[in-house]
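Notes for the one structure printed next.
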Amino acid sequence: MFAKLESLEKKYLELEEALADPDIFNDQERYRKIAKSHADLEDIVTLFRKHRSLQHDLEENKALLHDSDPDICEMAREEIAKIEAELPQLEHDLKVALLPPDPLDEKNTILEIRAGTGGEEAALFAADLFRMYTRYAELQGWKYEILSESATEGGGFKEIICLISGNRVYSHLKYEAGTHRVQRVPVTETQGRIHTSAATVAVLPEADEVDVEIRPEDITIDVYRASGAGGQHVNKTESAVRITHIPTGTVVTCQDERSQHKNKARAMKVLASRLLAQERDKQNSEVSADRKAQVGSGDRSERIRTYNFPQGRCTDHRINLTLYSLEKIMQGELTPLVEALATAAQTEALKAQADA
């Protein structure tokens, strides 16, 4: 491990030297590339230097144990105990930092939420999840844009798709994919009985043109008149778009915009991201180490979390974590869940690496 860390530090110093060259600003693309590589290495190099400094301090204090002054020996013993207590966590952090990064972590995310079993109550829960995620996005300083929605008369959503943009969005949200279950008394329930309903969440990394090639001959595009709420134009213009990817059978529809061109662009964005996610799932299923590194399979049919309103409880079944702060969670305070899931994933990845 330490040979690898020394190699990374050497590379970091070379990049630092390159950034100090005034001529680098003449080539902005090269400058951005080197600056990013330098920034990517900064955290792990800082950890490595801290570890090396502590090891140096440890050796110096061990030497002081032979000093003739008993006070100095006592101080040395205290410092040794302090350093030896700190080193294991630092070494764990270094191992985590050395794990291969997920190339999709930097990407923006397309979030798809669909009502599952439970009728209107499931649709209302889908709307609650949408608000939860968009509030979390706001707390993170991210932006979101609704790409497509299918609302119900009761104020819920049969389906809603949005694009969330910002710093490392996918790395935060990728473990949210799956079936979310809610247990609560619906507003329409006169007997006070608790109902169980569900909604599914899909988390797709936003695909760039270089990520997915969609050939014109592989898709069919249908246009039709939009239906539902939206004003008089819905019955007059064929603005709604349905795109079918023939090789995979993937179908995407979009009818929210008045413009057929805008609906087509949005539908293509969603299609590209779904195809990228499908390819990623295929690779993960073929490589066992990748699968071990996942917290759950990410399959939308897998129940990952239960939101129990009467008890104010939220339980993530993949890591057996229960938090009694449901109200805060529904207001977008997802950080405790996100961090716990990331830690569990890192632990699994370290185990898989050790077993390899």
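Chains: A, B, ... in order of the structure tokens. Residues: from 1 per chain. Ligands: from 1, in order shown.
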
Discussion item. As a PyMOL selection string, please: every residue in segment 118-350 of chain A that DSSP puts in alpha helix (DSSP H).
Written reply: chain A and resi 119-140+169-173+260-286+288-292+326-330+335-350

Determine, using only C-alpha atoms, which residues of segment 156-233 of chain A have any atom at most 8 Å from an atom of segment 244-251 of chain A, and tabulate each with its shortest atom pair and distance in Å to one decimal place, rows ordered by chain and then rising number, as a tab-separated table.
```
residue	atom	partner	partner_atom	distance
A:Asp218	CA	A:Ile246	CA	5.4
A:Ile219	CA	A:His245	CA	4.6
A:Thr220	CA	A:Thr244	CA	5.3
A:Ile221	CA	A:Thr244	CA	6.6
```

Worksheet entry | Residue contacts of segment 33-40 of chain A (12 Å, only C-alpha atoms) excluding same-chain residues fewer than 3 positions away, as an MDAnalysis selection string | chainID A and resid 8:21 24:25 27:30 43:46 97:98 101 106

Would you mind exporting the chosen residues as a PDB file, in the first residue's frame, restricted to C-alpha atoms?
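So again-v6.pdb came out as:
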```
ATOM      1  CA  LEU A   8       0.933   8.906  -6.018  1.00  0.00           C
ATOM      2  CA  GLU A   9       2.815  11.539  -4.011  1.00  0.00           C
ATOM      3  CA  LYS A  10       5.528  11.632  -6.675  1.00  0.00           C
ATOM      4  CA  LYS A  11       2.874  12.146  -9.351  1.00  0.00           C
ATOM      5  CA  TYR A  12       1.261  14.871  -7.216  1.00  0.00           C
ATOM      6  CA  LEU A  13       4.584  16.729  -6.981  1.00  0.00           C
ATOM      7  CA  GLU A  14       5.094  16.461 -10.751  1.00  0.00           C
ATOM      8  CA  LEU A  15       1.646  17.933 -11.342  1.00  0.00           C
ATOM      9  CA  GLU A  16       2.393  20.687  -8.822  1.00  0.00           C
ATOM     10  CA  GLU A  17       5.556  21.526 -10.727  1.00  0.00           C
ATOM     11  CA  ALA A  18       3.650  21.617 -14.017  1.00  0.00           C
ATOM     12  CA  LEU A  19       1.071  24.010 -12.534  1.00  0.00           C
ATOM     13  CA  ALA A  20       3.873  26.320 -11.421  1.00  0.00           C
ATOM     14  CA  ASP A  21       5.046  26.729 -15.024  1.00  0.00           C
ATOM     15  CA  ILE A  24       0.736  26.282 -18.870  1.00  0.00           C
ATOM     16  CA  PHE A  25      -1.863  29.055 -19.039  1.00  0.00           C
ATOM     17  CA  ASP A  27      -3.090  25.913 -23.106  1.00  0.00           C
ATOM     18  CA  GLN A  28      -6.288  26.174 -21.052  1.00  0.00           C
ATOM     19  CA  GLU A  29      -7.433  22.615 -21.803  1.00  0.00           C
ATOM     20  CA  ARG A  30      -4.112  21.169 -20.578  1.00  0.00           C
ATOM     21  CA  ASP A  43      -6.807  14.481  -0.221  1.00  0.00           C
ATOM     22  CA  ILE A  44      -4.982  11.159  -0.383  1.00  0.00           C
ATOM     23  CA  VAL A  45      -1.542  12.819  -0.431  1.00  0.00           C
ATOM     24  CA  THR A  46      -2.534  14.911   2.602  1.00  0.00           C
ATOM     25  CA  ALA A  97      -8.912   6.489  -0.499  1.00  0.00           C
ATOM     26  CA  LEU A  98      -7.001   3.915  -2.576  1.00  0.00           C
ATOM     27  CA  PRO A 101     -13.122   5.514  -7.882  1.00  0.00           C
ATOM     28  CA  GLU A 106     -18.961  12.950 -10.734  1.00  0.00           C
TER      29      GLU A 106
END
```

Item to complete: Mind listing the strand (DSSP E or B) residues of segment 134-313 of chain A, per DSSP on the backbone, as number ranges by chain?
Response: A: 143-151, 157-165, 178-184, 195-205, 219-224, 240-245, 250-254, 303-308, 313

Item to complete: Pick out the residues sitting within 8 Å of Ser150 of chain A, and hand them over as a PyMOL selection string; count only C-alpha atoms, and ignore anything fewer than 4 positions along from it in its own chain.
Response: chain A and resi 157-160

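Once His56 of chain A and its same-chain neighbours fewer than 6 positions away are set aside, Arg49, Lys50, Lys62, Ala63, Ile80, Ile83 and Leu87 of chain A remain within 12 Å of it when counting only C-alpha atoms.
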
Once you have the residues from the selection above, write them out as a compact mmCIF listing (two decimals), in the first residue's frame, restricted to N, CA and C atoms.
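Saved to selection_25.txt:
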```txt
# COMPACT_ATOMS: atom_id res chain seq x y z
N ARG A 49 0.77 12.06 4.00
CA ARG A 49 1.77 12.90 4.68
C ARG A 49 1.50 12.96 6.19
N LYS A 50 0.22 12.98 6.55
CA LYS A 50 -0.13 12.97 7.97
C LYS A 50 0.30 11.66 8.60
N LYS A 62 9.37 6.94 20.93
CA LYS A 62 9.88 5.66 21.41
C LYS A 62 11.34 5.79 21.85
N ALA A 63 12.10 6.62 21.14
CA ALA A 63 13.50 6.85 21.50
C ALA A 63 13.60 7.58 22.84
N ILE A 80 2.90 8.40 22.66
CA ILE A 80 2.84 7.11 21.94
C ILE A 80 1.42 6.55 21.97
N ILE A 83 -0.77 8.58 19.57
CA ILE A 83 -0.48 8.29 18.16
C ILE A 83 -0.99 6.91 17.77
N LEU A 87 -3.51 6.09 14.58
CA LEU A 87 -2.99 5.46 13.35
C LEU A 87 -3.96 4.47 12.67
```

Fill in: Given only C-alpha atoms as the counted atoms, nearest of A:Ile194, A:Leu99, A:Ala85, A:Ala202 to Glu112 of chain A
A:Ala202

Fill in: Best match for closeness to Arg318 of chain A among A:Thr335, A:Ser7, A:Thr179, A:Asn167, counting only C-alpha atoms
A:Thr179

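The residue that comes closest to Arg181 of chain A, out of A:Gly118, A:Gly141, A:Gly155, A:Pro216 and on the basis of only C-alpha atoms, is A:Gly118.
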
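Across the model, the gap from atom CA of Asp105 of chain A to atom CA of Gln140 of chain A is 15.3 Å.
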
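Excluding Leu275 of chain A and any residue on its chain fewer than 2 positions from it, the residues at most 10 Å away by only C-alpha atoms are Leu204, Ala207, Asp211, Val212, Glu213, Ile214, His245, Thr248, Thr250, Val270, Leu271, Ala272, Ser273, Ala277, Gln278, Glu279, Arg280 and Asp281 of chain A.
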
Hey, can you spit out that residue selection with C-alpha atoms as a PDB file, in the first residue's frame?
```pdb
ATOM      1  CA  LEU A 204     -29.480   7.099 -13.396  1.00  0.00           C
ATOM      2  CA  ALA A 207     -25.216  10.230 -19.939  1.00  0.00           C
ATOM      3  CA  ASP A 211     -20.973   7.595 -22.877  1.00  0.00           C
ATOM      4  CA  VAL A 212     -23.733   6.166 -25.051  1.00  0.00           C
ATOM      5  CA  GLU A 213     -24.074   5.958 -28.813  1.00  0.00           C
ATOM      6  CA  ILE A 214     -27.690   5.941 -29.971  1.00  0.00           C
ATOM      7  CA  HIS A 245     -34.972   1.962 -28.445  1.00  0.00           C
ATOM      8  CA  THR A 248     -33.423  -3.066 -25.760  1.00  0.00           C
ATOM      9  CA  THR A 250     -36.669   0.740 -23.750  1.00  0.00           C
ATOM     10  CA  VAL A 270     -33.622  10.121 -20.315  1.00  0.00           C
ATOM     11  CA  LEU A 271     -33.161   7.326 -22.877  1.00  0.00           C
ATOM     12  CA  ALA A 272     -29.375   7.797 -22.974  1.00  0.00           C
ATOM     13  CA  SER A 273     -29.178   7.684 -19.176  1.00  0.00           C
ATOM     14  CA  ALA A 277     -27.503   2.425 -16.426  1.00  0.00           C
ATOM     15  CA  GLN A 278     -28.436  -0.821 -18.201  1.00  0.00           C
ATOM     16  CA  GLU A 279     -24.881  -1.217 -19.459  1.00  0.00           C
ATOM     17  CA  ARG A 280     -23.547  -0.538 -15.967  1.00  0.00           C
ATOM     18  CA  ASP A 281     -25.892  -3.144 -14.451  1.00  0.00           C
TER      19      ASP A 281
END
```

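Of the listed residues (A:Asn263, A:Val203, A:Gly154, A:Val241), A:Gly154 comes nearest to Thr188 of chain A; the distances count only C-alpha atoms.
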